[in-house]
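Visitor: Coordinates in data09.tsv, TSV, C-alpha atoms, are listed below.
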```tsv
chain	number	residue	atom	x	y	z
A	1	MET	CA	60.62	49.18	29.58
A	2	LYS	CA	59.81	52.86	29.52
A	3	ARG	CA	62.41	55.48	30.33
A	4	TYR	CA	61.47	57.43	33.46
A	5	GLU	CA	61.65	61.18	33.18
A	6	ALA	CA	61.39	61.92	36.92
A	7	ILE	CA	62.39	59.92	40.00
A	8	LEU	CA	60.59	60.93	43.19
A	9	PHE	CA	62.17	59.96	46.52
A	10	ASP	CA	60.59	59.94	49.93
A	11	ILE	CA	62.96	61.05	52.74
A	12	ASP	CA	62.05	59.49	56.06
A	13	ASP	CA	63.10	55.85	56.41
A	14	THR	CA	63.88	55.80	52.69
A	15	LEU	CA	66.97	58.03	52.43
A	16	LEU	CA	67.36	59.19	56.02
A	17	ASP	CA	66.92	56.97	59.06
A	18	PHE	CA	64.25	59.01	60.74
A	19	LYS	CA	63.60	56.39	63.39
A	20	GLN	CA	67.16	56.72	64.70
A	21	SER	CA	67.14	60.52	64.52
A	22	GLU	CA	63.76	60.56	66.24
A	23	HIS	CA	64.99	58.25	68.98
A	24	VAL	CA	67.98	60.47	69.78
A	25	ALA	CA	65.91	63.69	69.70
A	26	LEU	CA	63.20	62.22	71.92
A	27	GLU	CA	65.77	60.92	74.38
A	28	GLN	CA	67.32	64.39	74.62
A	29	LEU	CA	63.90	66.04	75.01
A	30	LEU	CA	62.84	63.70	77.80
A	31	ALA	CA	66.17	64.15	79.57
A	32	SER	CA	65.60	67.93	79.63
A	33	PHE	CA	62.50	67.20	81.77
A	34	ASN	CA	64.38	64.64	83.90
A	35	VAL	CA	62.44	61.78	82.32
A	36	ARG	CA	64.33	58.63	81.41
A	37	MET	CA	63.70	57.08	78.02
A	38	THR	CA	62.39	53.56	78.51
A	39	ASP	CA	60.94	51.09	76.02
A	40	GLU	CA	57.49	51.79	77.45
A	41	VAL	CA	57.83	55.57	77.10
A	42	LYS	CA	59.22	55.22	73.57
A	43	SER	CA	56.39	52.87	72.57
A	44	ARG	CA	53.84	55.30	73.98
A	45	TYR	CA	55.31	58.16	71.92
A	46	VAL	CA	55.44	56.09	68.74
A	47	ASP	CA	51.77	55.11	69.13
A	48	ILE	CA	50.71	58.73	69.72
A	49	ASN	CA	52.86	60.15	66.92
A	50	SER	CA	52.03	57.55	64.27
A	51	GLY	CA	48.33	57.78	65.07
A	52	LEU	CA	48.36	61.54	64.59
A	53	TRP	CA	50.33	61.33	61.32
A	54	ARG	CA	47.90	58.72	59.96
A	55	ALA	CA	45.04	61.05	60.84
A	56	PHE	CA	46.92	63.83	59.03
A	57	GLU	CA	47.32	61.67	55.91
A	58	ARG	CA	43.56	61.08	56.01
A	59	GLY	CA	42.96	64.83	56.29
A	60	GLU	CA	41.39	64.53	59.76
A	61	VAL	CA	43.80	66.85	61.60
A	62	ASP	CA	46.11	69.65	60.51
A	63	ARG	CA	49.88	69.75	60.81
A	64	GLU	CA	49.94	71.88	63.96
A	65	GLU	CA	47.70	69.39	65.75
A	66	VAL	CA	50.21	66.66	64.93
A	67	LEU	CA	53.35	68.56	65.89
A	68	ILE	CA	52.07	70.02	69.13
A	69	GLY	CA	49.62	67.29	70.08
A	70	ARG	CA	52.19	64.47	70.03
A	71	HIS	CA	54.22	66.15	72.79
A	72	THR	CA	51.38	67.40	74.94
A	73	LYS	CA	49.71	63.99	74.82
A	74	LEU	CA	52.94	62.18	75.69
A	75	PHE	CA	53.78	64.45	78.64
A	76	ASP	CA	50.14	64.38	79.80
A	77	SER	CA	50.43	60.60	79.94
A	78	LEU	CA	53.55	61.02	82.09
A	79	GLY	CA	51.77	63.37	84.48
A	80	LEU	CA	53.52	66.52	83.21
A	81	THR	CA	52.01	69.67	81.73
A	82	VAL	CA	54.14	71.36	79.08
A	83	ASP	CA	53.97	74.26	76.67
A	84	GLY	CA	53.25	72.42	73.42
A	85	PRO	CA	54.73	74.89	70.90
A	86	GLN	CA	57.83	75.45	73.04
A	87	VAL	CA	58.46	71.73	73.47
A	88	GLU	CA	57.92	71.11	69.76
A	89	GLN	CA	60.58	73.72	68.92
A	90	GLN	CA	62.96	72.19	71.45
A	91	TYR	CA	62.41	68.74	69.94
A	92	ARG	CA	62.88	70.12	66.42
A	93	ASP	CA	66.20	71.70	67.40
A	94	TYR	CA	67.41	68.30	68.58
A	95	LEU	CA	66.07	66.69	65.39
A	96	HIS	CA	67.88	69.20	63.15
A	97	ALA	CA	71.16	68.39	64.83
A	98	GLY	CA	70.98	64.64	64.21
A	99	VAL	CA	71.22	63.16	60.72
A	100	HIS	CA	71.38	59.39	60.28
A	101	MET	CA	71.54	57.99	56.76
A	102	ILE	CA	70.00	54.82	55.38
A	103	GLU	CA	72.84	52.61	54.13
A	104	GLY	CA	73.74	53.44	50.52
A	105	ALA	CA	71.55	56.56	50.29
A	106	LEU	CA	74.20	59.10	49.33
A	107	GLU	CA	75.89	56.76	46.85
A	108	ILE	CA	72.70	55.85	44.99
A	109	VAL	CA	71.48	59.44	44.82
A	110	GLN	CA	74.86	60.58	43.47
A	111	THR	CA	74.81	57.80	40.87
A	112	LEU	CA	71.22	58.25	39.69
A	113	SER	CA	71.42	62.04	39.54
A	114	ALA	CA	73.82	61.74	36.61
A	115	HIS	CA	71.10	60.04	34.53
A	116	TYR	CA	67.71	61.09	35.94
A	117	PRO	CA	66.07	64.24	37.29
A	118	LEU	CA	65.57	63.54	41.01
A	119	TYR	CA	62.94	65.11	43.26
A	120	ILE	CA	61.97	64.85	46.93
A	121	VAL	CA	58.32	64.24	47.87
A	122	THR	CA	57.80	64.09	51.61
A	123	ASN	CA	55.34	64.75	54.39
A	124	GLY	CA	56.71	66.84	57.22
A	125	VAL	CA	58.01	70.29	58.09
A	126	THR	CA	59.86	72.21	55.39
A	127	GLU	CA	62.54	73.71	57.64
A	128	THR	CA	63.35	70.35	59.21
A	129	GLN	CA	63.48	68.44	55.93
A	130	PHE	CA	65.69	71.00	54.19
A	131	LYS	CA	68.12	71.13	57.10
A	132	ARG	CA	68.35	67.35	57.28
A	133	LEU	CA	68.94	67.05	53.52
A	134	GLU	CA	71.56	69.77	53.66
A	135	SER	CA	73.38	68.25	56.64
A	136	SER	CA	73.39	64.82	55.01
A	137	GLY	CA	74.93	66.08	51.75
A	138	LEU	CA	71.91	64.91	49.73
A	139	LEU	CA	70.39	68.30	48.91
A	140	PRO	CA	72.50	69.25	45.83
A	141	TYR	CA	71.43	66.14	43.91
A	142	PHE	CA	67.72	67.05	43.81
A	143	GLN	CA	66.14	69.41	41.31
A	144	ASP	CA	63.30	70.36	43.65
A	145	ILE	CA	61.99	69.52	47.12
A	146	PHE	CA	58.26	69.14	47.76
A	147	VAL	CA	57.22	69.08	51.43
A	148	SER	CA	53.62	68.71	52.55
A	149	ASP	CA	53.43	71.80	54.75
A	150	ALA	CA	54.51	73.95	51.77
A	151	THR	CA	52.24	72.24	49.24
A	152	GLY	CA	49.11	72.62	51.35
A	153	SER	CA	48.32	68.89	51.30
A	154	GLN	CA	50.15	65.65	51.94
A	155	LYS	CA	50.85	62.26	50.44
A	156	PRO	CA	48.81	60.26	49.49
A	157	MET	CA	46.30	62.99	48.61
A	158	LYS	CA	45.78	63.91	44.95
A	159	PRO	CA	46.31	67.67	45.52
A	160	PHE	CA	49.83	66.94	46.78
A	161	PHE	CA	50.75	65.18	43.54
A	162	ASP	CA	48.93	67.83	41.49
A	163	TYR	CA	51.18	70.44	43.13
A	164	VAL	CA	54.29	68.38	42.36
A	165	PHE	CA	53.52	67.71	38.70
A	166	ASP	CA	52.43	71.29	38.11
A	167	ARG	CA	56.04	72.18	38.98
A	168	ILE	CA	57.94	69.40	37.22
A	169	PRO	CA	58.21	70.63	33.65
A	170	ASN	CA	56.88	68.54	30.78
A	171	VAL	CA	56.59	65.25	32.71
A	172	GLU	CA	53.39	63.21	32.84
A	173	PRO	CA	52.78	61.00	35.90
A	174	GLU	CA	53.06	57.79	33.86
A	175	LYS	CA	56.69	58.78	33.13
A	176	GLY	CA	57.49	59.11	36.84
A	177	LEU	CA	58.60	56.65	39.51
A	178	ILE	CA	58.09	57.17	43.26
A	179	ILE	CA	60.40	55.37	45.72
A	180	GLY	CA	59.41	55.12	49.37
A	181	ASP	CA	58.87	52.95	52.42
A	182	SER	CA	55.25	53.86	53.18
A	183	VAL	CA	52.59	51.62	51.68
A	184	THR	CA	49.90	54.22	52.33
A	185	ALA	CA	51.67	57.49	51.49
A	186	ASP	CA	54.07	56.41	48.74
A	187	ILE	CA	52.79	53.23	47.12
A	188	ALA	CA	49.03	53.76	47.38
A	189	GLY	CA	49.44	57.47	46.66
A	190	GLY	CA	51.65	56.83	43.65
A	191	ARG	CA	49.37	54.14	42.22
A	192	MET	CA	46.35	56.41	42.62
A	193	TYR	CA	48.10	59.15	40.64
A	194	GLY	CA	49.31	56.91	37.82
A	195	LEU	CA	52.96	56.69	38.85
A	196	ASP	CA	55.06	53.57	38.83
A	197	THR	CA	56.05	52.69	42.37
A	198	CYS	CA	59.08	51.19	44.11
A	199	TRP	CA	58.53	49.95	47.64
A	200	PHE	CA	61.62	50.14	49.87
A	201	ASN	CA	60.98	47.20	52.19
A	202	PRO	CA	64.21	46.40	54.08
A	203	ASN	CA	62.43	44.41	56.78
A	204	GLU	CA	60.61	42.18	54.29
A	205	VAL	CA	57.16	43.06	55.55
A	206	ALA	CA	54.33	41.20	53.85
A	207	ALA	CA	52.89	43.26	51.00
A	208	THR	CA	49.37	44.62	51.40
A	209	ILE	CA	49.29	46.44	48.06
A	210	GLU	CA	51.00	45.74	44.76
A	211	SER	CA	53.94	47.92	43.75
A	212	THR	CA	55.71	48.05	40.38
A	213	TYR	CA	59.02	47.13	42.04
A	214	GLU	CA	60.11	46.09	45.52
A	215	ILE	CA	63.63	46.40	46.93
A	216	ARG	CA	65.36	45.46	50.18
A	217	HIS	CA	68.45	47.69	49.79
A	218	LEU	CA	68.86	51.02	48.04
A	219	ASN	CA	71.76	49.74	45.95
A	220	GLU	CA	69.25	47.55	44.08
A	221	LEU	CA	68.03	50.73	42.40
A	222	LYS	CA	71.22	51.00	40.38
A	223	SER	CA	70.69	47.73	38.54
A	224	LEU	CA	66.96	48.27	38.22
A	225	LEU	CA	67.16	51.80	36.81
A	226	TYR	CA	70.30	51.25	34.73
A	227	VAL	CA	68.64	48.30	33.01
A	228	GLN	CA	65.45	50.31	32.64
A	229	ALA	CA	67.39	53.18	31.05
A	230	GLY	CA	69.46	50.94	28.81
A	231	LEU	CA	72.69	51.95	30.55
A	232	SER	CA	75.70	49.86	31.53
A	233	GLU	CA	76.89	49.86	35.13
```
For this file, write the structure as structure tokens.

Guide:
Amino acid sequence: MKRYEAILFDIDDTLLDFKQSEHVALEQLLASFNVRMTDEVKSRYVDINSGLWRAFERGEVDREEVLIGRHTKLFDSLGLTVDGPQVEQQYRDYLHAGVHMIEGALEIVQTLSAHYPLYIVTNGVTETQFKRLESSGLLPYFQDIFVSDATGSQKPMKPFFDYVFDRIPNVEPEKGLIIGDSVTADIAGGRMYGLDTCWFNPNEVAATIESTYEIRHLNELKSLLYVQAGLSE
């Protein structure tokens, strides 16, 4: 097996439990408008938000349309008119304050960082992602952080990966491994760019695209990458 020269980690729902952080932030936001979080309201938000992010990944809308539109559309559906930018900032403040880790994330990053150069590749907002990584204790273990709003494009687009590999010294894509939960952004994007891919699939969802590796728990990376590197545990 080849020896990887760069390990690229996604953040949301790979290292940090964004769904839990999102749930808490949304609950707090709704409460500030005297709206109770119900399963129906949460489902409505998830549909709106995920639809906008998928459109963003396809290059159909820009980041501001996602961030502001998800709130204005949700509150419109609840019969409330809100100031989109103001509500987005309020939501982001709640999101910054809540960090929920995927089980084993800190331990595996600490372990792998002693043997591999680690990088973050993520879609999202730079300020939010840096603050969440810092609060979680993960930030010091990464050599660089690449966030879509700073790169000018997003996973799975080729320009995003061009930006990343222009800034990772002396590493060709075929010597890199991307680890993430998103079939479209991480696995399809990585395959398109010539990276090996590791699909983090804790819920055992049926595969729709082939990945180089597939794991259910982050601690599986230790055995996989130690064997790959010829190291003993």

Visitor: With stretch 107-131 of chain A as the partner and 7 Å as the cut-off, tabulate the residues of stretch 139-223 of chain A that qualify, each row holding the nearest pair of atoms and their distance in Å to one decimal, using all atoms listed in the file, sorted by chain and rising number, as CSV.

Guide:
```
residue,atom,partner,partner_atom,distance
A:Tyr141,CA,A:Ser113,CA,6.0
A:Phe142,CA,A:Leu118,CA,5.0
A:Gln143,CA,A:Tyr119,CA,5.7
A:Asp144,CA,A:Tyr119,CA,5.3
A:Ile145,CA,A:Ile120,CA,4.7
A:Phe146,CA,A:Val121,CA,4.9
A:Val147,CA,A:Thr122,CA,5.0
A:Ser148,CA,A:Asn123,CA,4.7
A:Asp149,CA,A:Val125,CA,5.9
A:Ala150,CA,A:Thr126,CA,6.7
A:Gln154,CA,A:Asn123,CA,5.8
A:Lys155,CA,A:Asn123,CA,6.5
A:Leu218,CA,A:Ile108,CA,6.9
A:Asn219,CA,A:Ile108,CA,6.3
A:Lys222,CA,A:Ile108,CA,6.9
```

Visitor: Quick one, how far is atom CA of A:Gly190 from atom CA of A:Pro156?

Guide: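 It comes out at 7.3 Å.
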
Visitor: Go through stretch 149-213 of chain A and flag each residue having an atom no more than 12 Å from stretch 40-60 of chain A; for those, report the closest pair of atoms plus their distance in Å to one decimal, using all atoms listed in the file, ordered by chain and rising number, as CSV.

Guide:
```
residue,atom,partner,partner_atom,distance
A:Asp149,CA,A:Phe56,CA,11.1
A:Gly152,CA,A:Gly59,CA,11.1
A:Ser153,CA,A:Gly59,CA,8.4
A:Gln154,CA,A:Glu57,CA,6.3
A:Lys155,CA,A:Glu57,CA,6.5
A:Pro156,CA,A:Glu57,CA,6.7
A:Met157,CA,A:Glu57,CA,7.5
A:Lys158,CA,A:Glu57,CA,11.3
A:Pro159,CA,A:Gly59,CA,11.6
A:Phe160,CA,A:Glu57,CA,10.8
A:Ser182,CA,A:Arg54,CA,11.1
A:Val183,CA,A:Arg54,CA,11.9
A:Thr184,CA,A:Glu57,CA,8.7
A:Ala185,CA,A:Glu57,CA,7.5
A:Asp186,CA,A:Glu57,CA,11.2
A:Ala188,CA,A:Glu57,CA,11.8
A:Gly189,CA,A:Glu57,CA,10.4
```

Visitor: Could you state the separation of atom CA of A:Gln89 and atom CA of A:Leu138 in Å, given to one decimal place?

Guide: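 Between these atoms lies a distance of 24.0 Å.
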
Visitor: Got a sec: who's within 12 Å of A:Val24, counting all atoms listed in the file, leaving out chain neighbours fewer than 5 positions off, as a compact mmCIF listing (two decimals) with C-alpha atoms, keeping the file's coordinate frame?

Guide:
```txt
# COMPACT_ATOMS: atom_id res chain seq x y z
CA ASP A 17 66.92 56.97 59.06
CA PHE A 18 64.25 59.01 60.74
CA LYS A 19 63.60 56.39 63.39
CA LEU A 29 63.90 66.04 75.01
CA LEU A 30 62.84 63.70 77.80
CA ALA A 31 66.17 64.15 79.57
CA MET A 37 63.70 57.08 78.02
CA LYS A 42 59.22 55.22 73.57
CA TYR A 91 62.41 68.74 69.94
CA ARG A 92 62.88 70.12 66.42
CA ASP A 93 66.20 71.70 67.40
CA TYR A 94 67.41 68.30 68.58
CA LEU A 95 66.07 66.69 65.39
CA HIS A 96 67.88 69.20 63.15
CA ALA A 97 71.16 68.39 64.83
CA GLY A 98 70.98 64.64 64.21
CA VAL A 99 71.22 63.16 60.72
CA HIS A 100 71.38 59.39 60.28
```

Visitor: Mind checking which residues fall within 9 Å of A:Thr14, counting all atoms listed in the file, ignoring those fewer than 3 positions away in the same chain, and posting them as a ChimeraX atom specification?

Guide: /A:9-11,17-18,101-102,105,179-182,200,218

Visitor: Can you work out the spacing between atom CA of A:Glu210 and atom CA of A:Ile187 in Å, to one decimal?

Guide: 8.1 Å

Visitor: Find the residue from A:Arg132, A:Lys2, A:Arg63, A:Arg216 that sits nearest to A:Cys198; use all atoms listed in the file when measuring.

Guide: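 Once distances to A:Cys198 are computed over all atoms listed in the file, the minimum belongs to A:Arg216.
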
Visitor: For a quick check of understanding, using all atoms listed in the file, which of A:His71, A:Arg36, A:Arg167, A:Lys175 has the smallest distance to A:Asp196?

Guide: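 Closest candidate: A:Lys175.
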
Visitor: Measuring atom to atom with only C-alpha atoms, identify which of A:Ala6, A:Leu225, A:Lys73, A:Gly79 is nearest to A:Phe33.

Guide: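 Using only C-alpha atoms, A:Phe33 sits closest to A:Gly79.
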